[in-house]
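Content type compact mmCIF, C-alpha atoms and all ligand atoms, from the file structure-v7.txt:
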# COMPACT_ATOMS: atom_id res chain seq x y z
CA MET H 1 113.27 86.34 114.35
CA LYS H 2 116.03 87.99 112.38
CA ASP H 3 118.39 85.80 110.32
CA SER H 4 121.34 87.23 112.23
CA GLU H 5 119.81 86.13 115.56
CA SER H 6 118.97 82.63 114.39
CA GLY H 7 122.59 82.03 113.35
CA LYS H 8 121.47 81.30 109.79
CA ARG H 9 123.59 82.79 107.05
CA ARG H 10 121.99 84.39 103.99
CA ARG H 11 123.09 82.62 100.84
CA VAL H 12 124.09 85.06 98.12
CA ALA H 13 124.87 84.72 94.41
CA ILE H 14 126.97 87.61 93.07
CA LEU H 15 126.80 88.06 89.31
CA GLY H 16 129.61 90.25 88.02
CA SER H 17 131.74 89.65 91.11
CA THR H 18 134.95 90.85 89.41
CA GLY H 19 133.55 94.33 88.76
CA SER H 20 133.51 97.43 90.92
CA ILE H 21 130.17 96.60 92.59
CA GLY H 22 130.95 92.88 92.78
CA ARG H 23 134.28 93.44 94.53
CA GLN H 24 132.71 95.83 97.04
CA ALA H 25 129.92 93.31 97.67
CA LEU H 26 132.58 90.76 98.59
CA GLU H 27 134.05 93.29 101.03
CA VAL H 28 130.63 93.47 102.66
CA VAL H 29 130.55 89.67 102.83
CA GLU H 30 133.99 89.63 104.46
CA ARG H 31 132.80 92.11 107.03
CA HIS H 32 129.85 89.82 107.93
CA PRO H 33 131.01 86.21 107.57
CA GLU H 34 128.54 85.06 110.21
CA ARG H 35 125.64 86.59 108.29
CA LEU H 36 126.42 86.00 104.62
CA GLU H 37 127.55 83.00 102.60
CA VAL H 38 128.56 83.15 98.94
CA VAL H 39 127.06 80.34 96.86
CA ALA H 40 127.85 81.60 93.36
CA LEU H 41 130.12 84.09 91.59
CA SER H 42 130.43 85.11 87.95
CA ALA H 43 132.86 86.99 85.72
CA HIS H 44 132.92 87.68 82.01
CA SER H 45 136.58 86.95 81.27
CA ASN H 46 138.69 87.94 84.30
CA LEU H 47 139.50 84.36 85.28
CA GLY H 48 142.44 85.30 87.51
CA LEU H 49 140.37 87.43 89.85
CA LEU H 50 137.42 85.03 89.75
CA ARG H 51 139.72 82.20 90.85
CA GLU H 52 141.13 84.28 93.71
CA GLN H 53 137.61 85.15 94.86
CA ALA H 54 136.53 81.53 94.61
CA LEU H 55 139.46 80.27 96.67
CA ARG H 56 138.64 82.81 99.34
CA HIS H 57 134.85 82.42 99.47
CA ARG H 58 134.45 78.81 98.36
CA PRO H 59 131.19 79.12 96.39
CA ARG H 60 129.60 75.95 95.02
CA TRP H 61 129.07 77.52 91.61
CA LEU H 62 131.08 79.71 89.23
CA GLY H 63 129.95 81.26 85.96
CA VAL H 64 132.05 82.61 83.07
CA THR H 65 129.89 84.44 80.54
CA ASP H 66 132.44 84.94 77.75
CA SER H 67 131.83 81.83 75.65
CA GLY H 68 135.29 82.20 74.08
CA ALA H 69 136.81 81.64 77.53
CA ALA H 70 134.84 78.46 78.34
CA GLU H 71 137.63 75.94 77.89
CA ARG H 72 140.27 78.08 79.58
CA ALA H 73 137.81 78.66 82.42
CA ARG H 74 137.34 74.98 83.24
CA GLU H 75 141.11 74.55 83.43
CA ALA H 76 141.86 77.76 85.30
CA LEU H 77 139.12 77.19 87.87
CA ALA H 78 139.56 73.44 88.35
CA ASP H 79 141.31 73.80 91.72
CA THR H 80 138.47 75.88 93.22
CA GLY H 81 136.30 72.80 93.71
CA ALA H 82 133.30 74.70 92.30
CA ARG H 83 131.05 73.61 89.46
CA VAL H 84 131.88 75.84 86.50
CA LEU H 85 129.20 76.97 84.05
CA ALA H 86 130.18 78.78 80.87
CA GLY H 87 128.50 80.91 78.21
CA ALA H 88 126.12 83.87 78.33
CA GLY H 89 123.21 81.63 79.41
CA CYS H 90 124.89 80.70 82.69
CA LEU H 91 123.69 83.88 84.40
CA ARG H 92 120.12 82.63 84.12
CA GLU H 93 121.08 79.38 85.82
CA LEU H 94 123.03 81.09 88.58
CA ALA H 95 120.21 83.56 89.20
CA SER H 96 117.73 80.78 89.82
CA LEU H 97 119.88 78.34 91.84
CA GLN H 98 117.88 76.65 94.51
CA GLU H 99 120.49 77.38 97.18
CA ALA H 100 120.64 81.13 96.48
CA GLU H 101 118.30 83.29 98.55
CA VAL H 102 119.61 86.66 97.38
CA VAL H 103 120.91 87.40 93.88
CA LEU H 104 123.06 90.50 93.44
CA ASN H 105 123.03 91.41 89.76
CA ALA H 106 126.16 93.52 89.22
CA VAL H 107 126.97 92.77 85.59
CA VAL H 108 127.20 95.71 83.22
CA GLY H 109 124.84 96.30 80.29
CA SER H 110 121.42 95.09 79.25
CA VAL H 111 122.82 91.53 78.96
CA GLY H 112 121.91 91.45 82.65
CA LEU H 113 118.19 91.31 81.86
CA GLU H 114 117.94 87.50 81.59
CA ALA H 115 119.40 87.15 85.08
CA THR H 116 117.09 89.84 86.46
CA LEU H 117 114.05 88.06 85.06
CA ALA H 118 115.26 84.60 86.09
CA ALA H 119 115.87 85.69 89.70
CA LEU H 120 112.39 87.21 89.94
CA HIS H 121 110.69 84.25 88.28
CA ALA H 122 112.43 81.98 90.78
CA GLY H 123 111.02 84.11 93.63
CA LYS H 124 114.41 85.39 94.82
CA ARG H 125 115.30 88.62 96.50
CA LEU H 126 117.06 90.51 93.70
CA ALA H 127 119.56 93.18 94.72
CA LEU H 128 119.74 95.11 91.47
CA ALA H 129 122.80 97.16 90.52
CA ASN H 130 122.43 96.38 86.81
CA LYS H 131 120.23 99.38 86.00
CA GLU H 132 120.44 98.75 82.23
CA SER H 133 118.26 95.66 82.60
CA LEU H 134 115.50 97.72 84.15
CA VAL H 135 115.89 100.55 81.63
CA ALA H 136 115.77 98.21 78.63
CA GLY H 137 113.20 95.77 79.95
CA GLY H 138 111.24 97.77 82.56
CA PRO H 139 107.79 96.44 81.56
CA LEU H 140 109.10 92.84 81.49
CA VAL H 141 110.72 93.23 84.90
CA MET H 142 107.54 94.69 86.38
CA ARG H 143 105.54 91.75 85.02
CA ALA H 144 108.08 89.27 86.41
CA LEU H 145 107.82 90.94 89.83
CA GLU H 146 104.16 89.98 90.03
CA GLY H 147 105.34 86.37 90.40
CA GLY H 148 106.47 86.86 94.00
CA GLY H 149 110.16 87.86 93.79
CA GLU H 150 111.43 90.97 95.53
CA LEU H 151 113.47 93.80 94.03
CA LEU H 152 115.82 95.91 96.15
CA PRO H 153 117.72 98.78 94.54
CA VAL H 154 121.51 98.94 94.87
CA ASP H 155 122.01 102.17 92.92
CA SER H 156 122.76 104.73 95.65
CA GLU H 157 120.04 107.19 94.58
CA HIS H 158 117.34 104.55 94.46
CA SER H 159 118.47 102.99 97.70
CA ALA H 160 118.17 106.49 99.23
CA VAL H 161 114.64 106.95 97.88
CA PHE H 162 113.69 103.46 99.04
CA GLN H 163 114.98 104.27 102.54
CA CYS H 164 113.16 107.64 102.65
CA MET H 165 109.89 105.98 101.64
CA ARG H 166 109.96 103.28 104.30
CA GLY H 167 106.93 103.53 106.51
CA GLU H 168 105.42 106.24 104.29
CA ASP H 169 102.24 106.04 102.25
CA SER H 170 103.38 106.23 98.61
CA ARG H 171 100.21 108.21 97.78
CA GLU H 172 101.63 111.10 99.82
CA VAL H 173 104.72 111.40 97.61
CA GLU H 174 104.79 114.54 95.47
CA SER H 175 108.08 113.82 93.68
CA ILE H 176 111.43 112.12 93.82
CA ILE H 177 114.56 114.28 93.65
CA LEU H 178 117.59 112.44 92.29
CA THR H 179 120.91 114.09 93.04
CA ALA H 180 123.69 114.17 90.43
CA SER H 181 127.35 114.88 91.12
CA GLY H 182 127.53 116.38 87.65
CA GLY H 183 130.55 114.20 86.87
CA PRO H 184 134.03 115.41 85.92
CA PHE H 185 132.72 117.99 83.44
CA TYR H 186 130.24 119.81 85.67
CA GLY H 187 130.24 123.48 84.68
CA ARG H 188 131.88 122.98 81.27
CA SER H 189 130.31 124.51 78.17
CA ALA H 190 129.25 122.54 75.08
CA GLU H 191 132.24 124.03 73.27
CA GLU H 192 134.71 122.87 75.93
CA LEU H 193 133.20 119.38 75.92
CA ARG H 194 134.18 118.89 72.26
CA LYS H 195 137.80 118.64 73.29
CA VAL H 196 137.67 116.28 76.27
CA GLY H 197 139.34 112.88 76.03
CA VAL H 198 138.84 109.39 77.45
CA GLU H 199 141.17 109.81 80.43
CA GLU H 200 139.40 112.96 81.60
CA ALA H 201 135.99 111.32 81.21
CA LEU H 202 137.17 108.41 83.37
CA ALA H 203 138.33 110.68 86.21
CA HIS H 204 135.14 110.92 88.26
CA PRO H 205 135.42 113.43 91.14
CA THR H 206 133.50 111.52 93.85
CA TRP H 207 132.82 107.87 92.85
CA ARG H 208 135.16 105.00 91.81
CA MET H 209 133.21 102.85 89.37
CA GLY H 210 133.49 100.67 86.26
CA ARG H 211 134.41 102.38 82.97
CA LYS H 212 131.00 102.30 81.32
CA ILE H 213 129.09 103.91 84.19
CA THR H 214 131.91 106.43 84.69
CA VAL H 215 131.49 107.64 81.10
CA ASP H 216 127.69 107.61 81.60
CA SER H 217 128.20 109.86 84.63
CA ALA H 218 130.28 112.27 82.56
CA THR H 219 127.60 112.58 79.84
CA LEU H 220 124.75 112.62 82.43
CA MET H 221 123.28 109.59 80.66
CA ASN H 222 123.73 107.82 83.98
CA LYS H 223 121.27 110.24 85.55
CA GLY H 224 118.95 109.73 82.59
CA LEU H 225 119.08 105.95 83.03
CA GLU H 226 118.41 106.50 86.73
CA VAL H 227 115.34 108.61 85.97
CA ILE H 228 113.92 105.69 83.96
CA GLU H 229 115.00 103.26 86.70
CA ALA H 230 113.15 105.39 89.29
CA HIS H 231 110.04 105.51 87.11
CA PHE H 232 109.78 101.72 87.17
CA LEU H 233 110.94 101.15 90.75
CA PHE H 234 108.68 103.72 92.37
CA GLY H 235 105.84 103.94 89.84
CA LEU H 236 105.93 107.72 89.40
CA PRO H 237 105.32 109.57 86.11
CA TYR H 238 108.37 111.31 84.63
CA GLU H 239 106.97 114.77 85.47
CA ARG H 240 107.38 113.88 89.12
CA ILE H 241 111.01 112.77 88.93
CA GLU H 242 113.34 115.73 89.43
CA VAL H 243 117.11 115.92 89.15
CA VAL H 244 119.40 118.39 90.88
CA ALA H 245 123.18 118.87 90.76
CA HIS H 246 124.94 118.15 94.04
CA PRO H 247 128.70 117.94 93.47
CA GLN H 248 129.63 116.50 96.89
CA SER H 249 127.52 113.30 96.45
CA VAL H 250 126.59 113.27 100.14
CA VAL H 251 122.82 113.67 99.83
CA HIS H 252 122.12 110.48 97.90
CA SER H 253 118.59 111.52 96.89
CA MET H 254 115.39 112.95 98.34
CA VAL H 255 111.64 112.48 98.44
CA ARG H 256 109.28 115.47 98.43
CA PHE H 257 105.96 114.83 100.17
CA ARG H 258 102.60 116.46 99.57
CA ASP H 259 102.84 118.73 102.62
CA GLY H 260 106.18 120.16 101.46
CA ALA H 261 108.37 118.02 103.74
CA VAL H 262 111.49 116.64 102.06
CA MET H 263 113.26 113.53 103.35
CA ALA H 264 116.86 112.78 102.36
CA GLN H 265 119.36 110.01 102.97
CA LEU H 266 122.95 111.12 103.49
CA GLY H 267 126.33 109.46 103.70
CA LEU H 268 129.79 109.58 102.20
CA PRO H 269 129.97 108.40 98.59
CA ASP H 270 130.64 104.72 99.29
CA MET H 271 128.70 102.03 97.42
CA ARG H 272 129.25 99.54 100.24
CA LEU H 273 126.42 101.22 102.12
CA PRO H 274 123.63 100.62 99.58
CA ILE H 275 125.11 97.21 98.71
CA SER H 276 125.10 96.25 102.37
CA PHE H 277 121.53 97.46 102.86
CA SER H 278 120.33 95.44 99.87
CA LEU H 279 121.83 92.33 101.48
CA SER H 280 120.85 93.04 105.10
CA PHE H 281 117.32 94.40 104.52
CA PRO H 282 115.24 94.81 106.63
CA GLU H 283 118.09 94.80 109.14
CA ARG H 284 120.96 97.26 109.21
CA TRP H 285 124.45 95.93 109.80
CA GLU H 286 127.41 97.84 111.20
CA PRO H 287 129.99 98.98 108.60
CA ASP H 288 133.77 98.89 108.95
CA TRP H 289 134.29 102.53 108.03
CA ARG H 290 134.02 105.61 110.22
CA PRO H 291 130.69 107.39 110.62
CA THR H 292 130.11 110.52 108.57
CA ASP H 293 131.54 113.50 110.45
CA PHE H 294 129.34 116.44 109.48
CA ALA H 295 131.40 118.96 111.44
CA LYS H 296 134.35 118.25 109.13
CA MET H 297 132.34 118.04 105.96
CA GLY H 298 132.04 121.73 105.03
CA SER H 299 129.34 122.90 102.66
CA LEU H 300 126.85 120.92 100.69
CA THR H 301 125.77 122.70 97.53
CA PHE H 302 122.99 122.24 94.98
CA GLY H 303 122.54 123.68 91.52
CA GLU H 304 121.08 123.37 88.04
CA LEU H 305 122.30 120.83 85.52
CA ASP H 306 123.19 122.27 82.10
CA ARG H 307 120.77 120.35 79.93
CA GLU H 308 121.99 121.90 76.68
CA ALA H 309 125.63 121.01 77.16
CA PHE H 310 124.60 117.52 78.41
CA PRO H 311 121.68 116.49 76.13
CA CYS H 312 121.71 112.83 77.25
CA LEU H 313 119.59 113.65 80.28
CA ASP H 314 116.70 115.01 78.23
CA LEU H 315 117.08 112.25 75.64
CA ALA H 316 116.44 109.79 78.49
CA TYR H 317 113.39 111.73 79.70
CA GLU H 318 112.03 111.74 76.13
CA ALA H 319 112.62 108.01 75.67
CA GLY H 320 111.10 107.29 79.05
CA LYS H 321 107.99 109.31 78.26
CA ALA H 322 107.67 107.70 74.82
CA GLY H 323 107.74 104.35 76.68
CA GLY H 324 107.54 100.84 75.18
CA SER H 325 110.70 100.02 73.25
CA ALA H 326 112.15 103.57 73.31
CA PRO H 327 114.20 103.24 76.55
CA ALA H 328 115.68 99.96 75.24
CA VAL H 329 116.75 101.76 72.06
CA LEU H 330 118.23 104.65 74.08
CA ASN H 331 120.17 102.17 76.20
CA ALA H 332 121.40 100.03 73.30
CA ALA H 333 122.57 103.07 71.33
CA ASN H 334 124.31 104.40 74.41
CA GLU H 335 126.11 101.10 75.03
CA VAL H 336 127.46 101.18 71.46
CA ALA H 337 128.36 104.88 71.62
CA VAL H 338 130.18 104.59 74.96
CA ALA H 339 132.16 101.56 73.73
CA ALA H 340 133.08 103.51 70.58
CA PHE H 341 134.16 106.50 72.66
CA LEU H 342 136.32 104.27 74.89
CA GLU H 343 137.89 102.81 71.72
CA GLY H 344 138.75 106.32 70.54
CA LEU H 345 136.42 106.07 67.51
CA ILE H 346 134.20 109.03 68.36
CA GLY H 347 134.49 112.18 70.47
CA PHE H 348 132.72 112.77 73.77
CA THR H 349 129.91 114.92 72.36
CA SER H 350 129.21 112.35 69.63
CA ILE H 351 127.86 109.96 72.27
CA ALA H 352 124.70 112.06 72.57
CA GLU H 353 124.55 112.49 68.77
CA VAL H 354 124.64 108.74 68.19
CA VAL H 355 121.92 108.17 70.79
CA GLU H 356 119.75 110.95 69.38
CA GLY H 357 120.21 109.74 65.79
CA THR H 358 119.30 106.16 66.74
CA LEU H 359 116.25 107.23 68.71
CA SER H 360 114.96 109.52 65.98
CA SER H 361 114.86 106.67 63.47
CA HIS H 362 112.89 104.41 65.83
CA ARG H 363 109.10 104.22 66.17
CA PRO H 364 108.36 103.09 69.76
CA GLU H 365 106.24 99.97 70.07
CA SER H 366 105.01 98.10 73.11
CA LEU H 367 107.26 95.27 74.29
CA GLY H 368 105.80 91.77 74.07
CA GLY H 369 108.61 89.66 75.45
CA LEU H 370 112.34 89.16 75.68
CA ASP H 371 112.86 87.96 72.08
CA GLU H 372 111.12 91.00 70.71
CA LEU H 373 113.17 93.25 72.97
CA ARG H 374 116.43 91.66 71.80
CA GLU H 375 115.40 92.23 68.17
CA VAL H 376 114.67 95.90 68.83
CA GLU H 377 118.04 96.23 70.58
CA GLU H 378 119.90 94.50 67.74
CA GLU H 379 118.39 96.88 65.23
CA ALA H 380 119.27 99.86 67.42
CA ARG H 381 122.85 98.65 67.82
CA GLY H 382 123.15 98.30 64.04
CA ARG H 383 121.86 101.83 63.49
CA ALA H 384 124.16 103.20 66.21
CA ARG H 385 127.17 101.46 64.64
CA GLU H 386 126.32 103.06 61.28
CA LEU H 387 126.25 106.45 62.98
CA VAL H 388 129.60 105.74 64.60
CA GLY H 389 130.88 105.38 61.05
CA GLY H 390 130.32 101.79 60.02
CA TRP H 391 131.87 100.19 63.09
P1 LIG V 401 132.37 96.87 86.02
O1 LIG V 401 132.68 97.13 84.60
O2 LIG V 401 133.34 97.26 87.07
O3 LIG V 401 132.05 95.29 86.24
C1 LIG V 401 131.19 94.62 85.39
C2 LIG V 401 131.06 93.16 85.78
O4 LIG V 401 130.27 92.50 84.79
C3 LIG V 401 132.39 92.40 85.81
O5 LIG V 401 132.30 91.34 86.71
C4 LIG V 401 132.50 91.87 84.37
O6 LIG V 401 133.34 90.71 84.27
C5 LIG V 401 131.05 91.52 84.11
N1 LIG V 401 130.72 91.59 82.68
C6 LIG V 401 131.26 92.37 81.72
N2 LIG V 401 130.70 92.14 80.52
C7 LIG V 401 129.79 91.15 80.71
C8 LIG V 401 128.92 90.43 79.85
N3 LIG V 401 128.85 90.68 78.53
N4 LIG V 401 128.12 89.48 80.40
C9 LIG V 401 128.16 89.21 81.73
N5 LIG V 401 128.99 89.84 82.58
C10 LIG V 401 129.79 90.81 82.08
O7 LIG V 401 130.94 97.55 86.31
P2 LIG V 401 130.38 98.19 87.65
O8 LIG V 401 130.60 97.27 88.79
O9 LIG V 401 130.82 99.59 87.76
O10 LIG V 401 128.81 98.26 87.32
C11 LIG V 401 128.00 97.09 87.32
C12 LIG V 401 126.54 97.53 87.21
O11 LIG V 401 126.20 98.27 88.39
C13 LIG V 401 126.26 98.47 86.03
O12 LIG V 401 124.98 98.20 85.55
C14 LIG V 401 126.29 99.86 86.65
O13 LIG V 401 125.48 100.78 85.96
C15 LIG V 401 125.72 99.57 88.04
N6 LIG V 401 126.14 100.51 89.08
C16 LIG V 401 127.47 100.65 89.39
C17 LIG V 401 127.87 101.53 90.38
C18 LIG V 401 129.31 101.63 90.77
O14 LIG V 401 129.62 102.35 91.74
N7 LIG V 401 130.23 100.96 90.14
C19 LIG V 401 126.90 102.39 91.08
C20 LIG V 401 125.53 102.14 90.71
C21 LIG V 401 125.18 101.23 89.73
P3 LIG V 401 134.93 90.85 83.89
O15 LIG V 401 135.54 91.53 85.09
O16 LIG V 401 135.38 89.46 83.71
O17 LIG V 401 134.99 91.69 82.66
MG MG V 402 123.64 106.01 90.95

Do you think you could lay out the structure here as structure tokens?
Amino acid sequence: MKDSESGKRRRVAILGSTGSIGRQALEVVERHPERLEVVALSAHSNLGLLREQALRHRPRWLGVTDSGAAERAREALADTGARVLAGAGCLRELASLQEAEVVLNAVVGSVGLEATLAALHAGKRLALANKESLVAGGPLVMRALEGGGELLPVDSEHSAVFQCMRGEDSREVESIILTASGGPFYGRSAEELRKVGVEEALAHPTWRMGRKITVDSATLMNKGLEVIEAHFLFGLPYERIEVVAHPQSVVHSMVRFRDGAVMAQLGLPDMRLPISFSLSFPERWEPDWRPTDFAKMGSLTFGELDREAFPCLDLAYEAGKAGGSAPAVLNAANEVAVAAFLEGLIGFTSIAEVVEGTLSSHRPESLGGLDELREVEEEARGRARELVGGW
């Protein structure tokens, strides 16, 4: 029997609930109060919004990851009636709470890895938006999955691929085709990109997202991270993961089968759809927005991505193919470079230069465990900061 028919609500922990994905996940919860119940929420430092969310959804647990905000947090959240955990380690606790059935990991950055691993070790269903944790710690996540947890993608492209593969024999898959909007700078030359500023990079044409992923979309690093994410999620070699520009962001991704058939999943660019599916799976729940009207949509177009003007995409393919610690180094260097760009310390095209410089001074090694991974990342961050100019 389905949960929704038995009257039982699914108990969800939302990590990073104050972010773009987290807020949209709470909209999905509000649409389905008879099907979903929030048991835990977390923020890094946005205590005001976390309190509002807590008063509305009444979770038993709250987490605040910024250790500097711990004392303020206990005071600010006292009237929510929830138990408040503070410090970076609280994500691990929230991800393995006994009362949580589904954990939505929507924090930003590879700091999300501990929660990803904890949820899987505790046998939870993990709805994963935090792609950086899979990019940095792919082999560790795959090992943790063997323990009985379940991983459902939230990223729209991977949700699309997952939906296209349902009921199919994965041995019949020829390749995965990830679509890319191309971001705000699609069609610009390398020369033109030298002059773009932070505001322009944050003005994404089709998606409204957090700042870090919006910059990643502008450099195409986001697509690169997604290529690595797809490699781990669907077990395909990098040669069989294609990317194609699709500025309208309606075809969310495609799967090419051995006989030449191509399956696609389509919809308007709205993250509530993949978020909802990751929470409702294997059911599908009705949305509160209008169905896609194809007659009014106009044309859907596809094209090449300019891999010279946007080198981050190929840097990600190279790091992915090198394997072991290389994707973690790519990701760590990118996190530093994007933060430096947002601070106005480096120009847009320097993001790729910092990533390339950091990667070229690293010799990939296989990843033993989390401690080793964090050491590799720390070293990469140090190197990237030097390249930023001693930040
Ligand atoms: P946001 O920046 O909007 O939100 C990030 C969330 O993580 C906030 O709740 C923030 O708390 C919290 N956070 C920030 N820093 C830390 C930290 N050091 N430790 C723990 N929590 C922290 O990001 P998005 O919602 O855009 O993205 C979240 C993840 O989902 C990313 O991995 C992104 O790549 C992925 N994703 C996002 C999509 C989107 O449409 N936005 C689409 C596909 C994937 P606070 O508010 O207090 O700072
Ligand atoms: Mg995506």

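Considering only C-alpha atoms and all ligand atoms, the residues that reside within 6 Å of ligand LIG 401 (chain V) can be listed as Gly16, Ser17, Thr18, Gly19, Ser20, Ile21, Gly22, Ala43, His44, Ser45, Asn46, Thr65, Ala106, Val107, Val108, Gly109, Val111, Ala129, Asn130, Lys131, Glu132, Asp155, Met209, Gly210, Arg211, Ile213 and Met271 of chain H.
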
- [ ] Would you list the residues near (128.3, 108.0, 68.6) (no more than 7 Å away, in the coordinates of the file, using all atoms listed in the file) as a ChimeraX atom specification?
- [x] /H:337,340,346,350-355,384,387-388

Output file for the residues above (C-alpha atoms, as a PDB file, in the coordinates of the input):
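Output file part.pdb follows:
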ATOM      1  CA  ALA H 337     128.360 104.880  71.620  1.00  0.00           C
ATOM      2  CA  ALA H 340     133.080 103.510  70.580  1.00  0.00           C
ATOM      3  CA  ILE H 346     134.200 109.030  68.360  1.00  0.00           C
ATOM      4  CA  SER H 350     129.210 112.350  69.630  1.00  0.00           C
ATOM      5  CA  ILE H 351     127.860 109.960  72.270  1.00  0.00           C
ATOM      6  CA  ALA H 352     124.700 112.060  72.570  1.00  0.00           C
ATOM      7  CA  GLU H 353     124.550 112.490  68.770  1.00  0.00           C
ATOM      8  CA  VAL H 354     124.640 108.740  68.190  1.00  0.00           C
ATOM      9  CA  VAL H 355     121.920 108.170  70.790  1.00  0.00           C
ATOM     10  CA  ALA H 384     124.160 103.200  66.210  1.00  0.00           C
ATOM     11  CA  LEU H 387     126.250 106.450  62.980  1.00  0.00           C
ATOM     12  CA  VAL H 388     129.600 105.740  64.600  1.00  0.00           C
TER      13      VAL H 388
END

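Across the structure, CA of Gly183 in chain H and CA of Pro287 in chain H are spaced 26.5 Å apart.
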
Open item on the list: Given the point (109.1, 90.1, 89.0) in the file's coordinates, find the residues that have an atom at most 10 Å from it, counting only C-alpha atoms, and give them as a VMD selection string.
Closed with: chain H and resid 116 to 126 139 to 151

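Across the model, the gap from CA of Ile275 in chain H to CA of Thr80 in chain H is 25.8 Å.
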
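Near ligand MG 402 (chain V), at distances of 9 Å or less and with only C-alpha atoms and all ligand atoms counted, sit the residues Ala129, Lys131, Val154, Asp155, Ser156, Glu157, His158, Leu178, Thr179, Ala180, Ile213, Ser217, Asn222, Lys223, Glu226 and His252 of chain H.
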
Take the residues that were just selected and, keeping C-alpha atoms, output them as a PDB file, keeping the file's coordinate frame.
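Wrote it out as result.pdb, contents follow:
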ATOM      1  CA  ALA H 129     122.800  97.160  90.520  1.00  0.00           C
ATOM      2  CA  LYS H 131     120.230  99.380  86.000  1.00  0.00           C
ATOM      3  CA  VAL H 154     121.510  98.940  94.870  1.00  0.00           C
ATOM      4  CA  ASP H 155     122.010 102.170  92.920  1.00  0.00           C
ATOM      5  CA  SER H 156     122.760 104.730  95.650  1.00  0.00           C
ATOM      6  CA  GLU H 157     120.040 107.190  94.580  1.00  0.00           C
ATOM      7  CA  HIS H 158     117.340 104.550  94.460  1.00  0.00           C
ATOM      8  CA  LEU H 178     117.590 112.440  92.290  1.00  0.00           C
ATOM      9  CA  THR H 179     120.910 114.090  93.040  1.00  0.00           C
ATOM     10  CA  ALA H 180     123.690 114.170  90.430  1.00  0.00           C
ATOM     11  CA  ILE H 213     129.090 103.910  84.190  1.00  0.00           C
ATOM     12  CA  SER H 217     128.200 109.860  84.630  1.00  0.00           C
ATOM     13  CA  ASN H 222     123.730 107.820  83.980  1.00  0.00           C
ATOM     14  CA  LYS H 223     121.270 110.240  85.550  1.00  0.00           C
ATOM     15  CA  GLU H 226     118.410 106.500  86.730  1.00  0.00           C
ATOM     16  CA  HIS H 252     122.120 110.480  97.900  1.00  0.00           C
TER      17      HIS H 252
END

Open item on the list: If we count all atoms listed in the file and set the cut-off at 12 Å, which residues sit around Ala25 in chain H, ignoring sequence neighbours fewer than 5 positions away in its own chain? Please answer as a count of residues only.
Closed with: 35

Open item on the list: Quick one: residues within 7 Å of Val336 in chain H, all atoms listed in the file, excluding same-chain residues fewer than 2 positions away - as number ranges by chain?
Closed with: H: 332-334, 338-340, 381, 384-385

Open item on the list: For a quick check of understanding, using all atoms listed in the file, which of H:Gly267, H:Thr219, H:Trp285, H:Ser159 has the smallest distance to Leu233 in chain H?
Closed with: H:Ser159

- [ ] Considering only C-alpha atoms, state which residue in the set H:Val198, H:Val29, H:Val227, H:Val251 is at the smallest distance from Thr301 in chain H.
- [x] H:Val251

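Comparing H:Gly167, H:Pro59, H:Gly137, H:Gly344 by their smallest distance to Glu377 in chain H, the closest is H:Gly137 (using all atoms listed in the file).
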
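If you look at CA of Leu220 in chain H and CA of Gln24 in chain H, they are 23.6 Å away from each other.
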
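Of the residues listed (H:Gly369, H:Pro364, H:Gly389, H:Gly260), H:Gly389 shows the shortest atom-to-atom separation from Leu345 in chain H; distances use all atoms listed in the file.
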
Env of range 240-244 of chain H: 7 Å cut, atoms = all atoms listed in the file, seq-sep filter 2 positions within chain, self excluded. Answer as an mmCIF file with C-alpha atoms, in the coordinates of the input.
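Written output follows (part38.cif):
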data_model
loop_
_atom_site.group_PDB
_atom_site.id
_atom_site.type_symbol
_atom_site.label_atom_id
_atom_site.label_comp_id
_atom_site.auth_asym_id
_atom_site.auth_seq_id
_atom_site.Cartn_x
_atom_site.Cartn_y
_atom_site.Cartn_z
ATOM 1 C CA GLU H 174 104.790 114.540 95.470
ATOM 2 C CA SER H 175 108.080 113.820 93.680
ATOM 3 C CA ILE H 176 111.430 112.120 93.820
ATOM 4 C CA ILE H 177 114.560 114.280 93.650
ATOM 5 C CA LEU H 178 117.590 112.440 92.290
ATOM 6 C CA THR H 179 120.910 114.090 93.040
ATOM 7 C CA ALA H 180 123.690 114.170 90.430
ATOM 8 C CA VAL H 227 115.340 108.610 85.970
ATOM 9 C CA LEU H 236 105.930 107.720 89.400
ATOM 10 C CA PRO H 237 105.320 109.570 86.110
ATOM 11 C CA TYR H 238 108.370 111.310 84.630
ATOM 12 C CA HIS H 246 124.940 118.150 94.040
ATOM 13 C CA PHE H 302 122.990 122.240 94.980
ATOM 14 C CA GLY H 303 122.540 123.680 91.520
ATOM 15 C CA GLU H 304 121.080 123.370 88.040
ATOM 16 C CA LEU H 305 122.300 120.830 85.520
#

Open item on the list: From the options H:Arg171, H:Arg23, H:His204, H:Arg290, which residue's atoms come nearest to Pro247 in chain H, counting all atoms listed in the file?
Closed with: H:His204

Task: Counting only C-alpha atoms, the option among H:Leu300, H:Val196, H:Ala54, H:Ala264 closest to Phe162 in chain H - done: H:Ala264

Task: Close residues, Ser67 in chain H itself excluded, 10 Å, all atoms listed in the file, min 6 positions apart in chain, as a VMD selection string - done: chain H and resid 44 to 45 73 86 to 90

- [ ] Compile the contact shell of Glu372 in chain H as JSON, numbers by chain: residues with an atom at most 12 Å away, counting all atoms listed in the file, same-chain residues fewer than 2 positions apart removed.
- [x] {"H": [136, 137, 140, 324, 325, 328, 365, 366, 367, 368, 369, 370, 374, 375, 376, 377, 378, 379]}
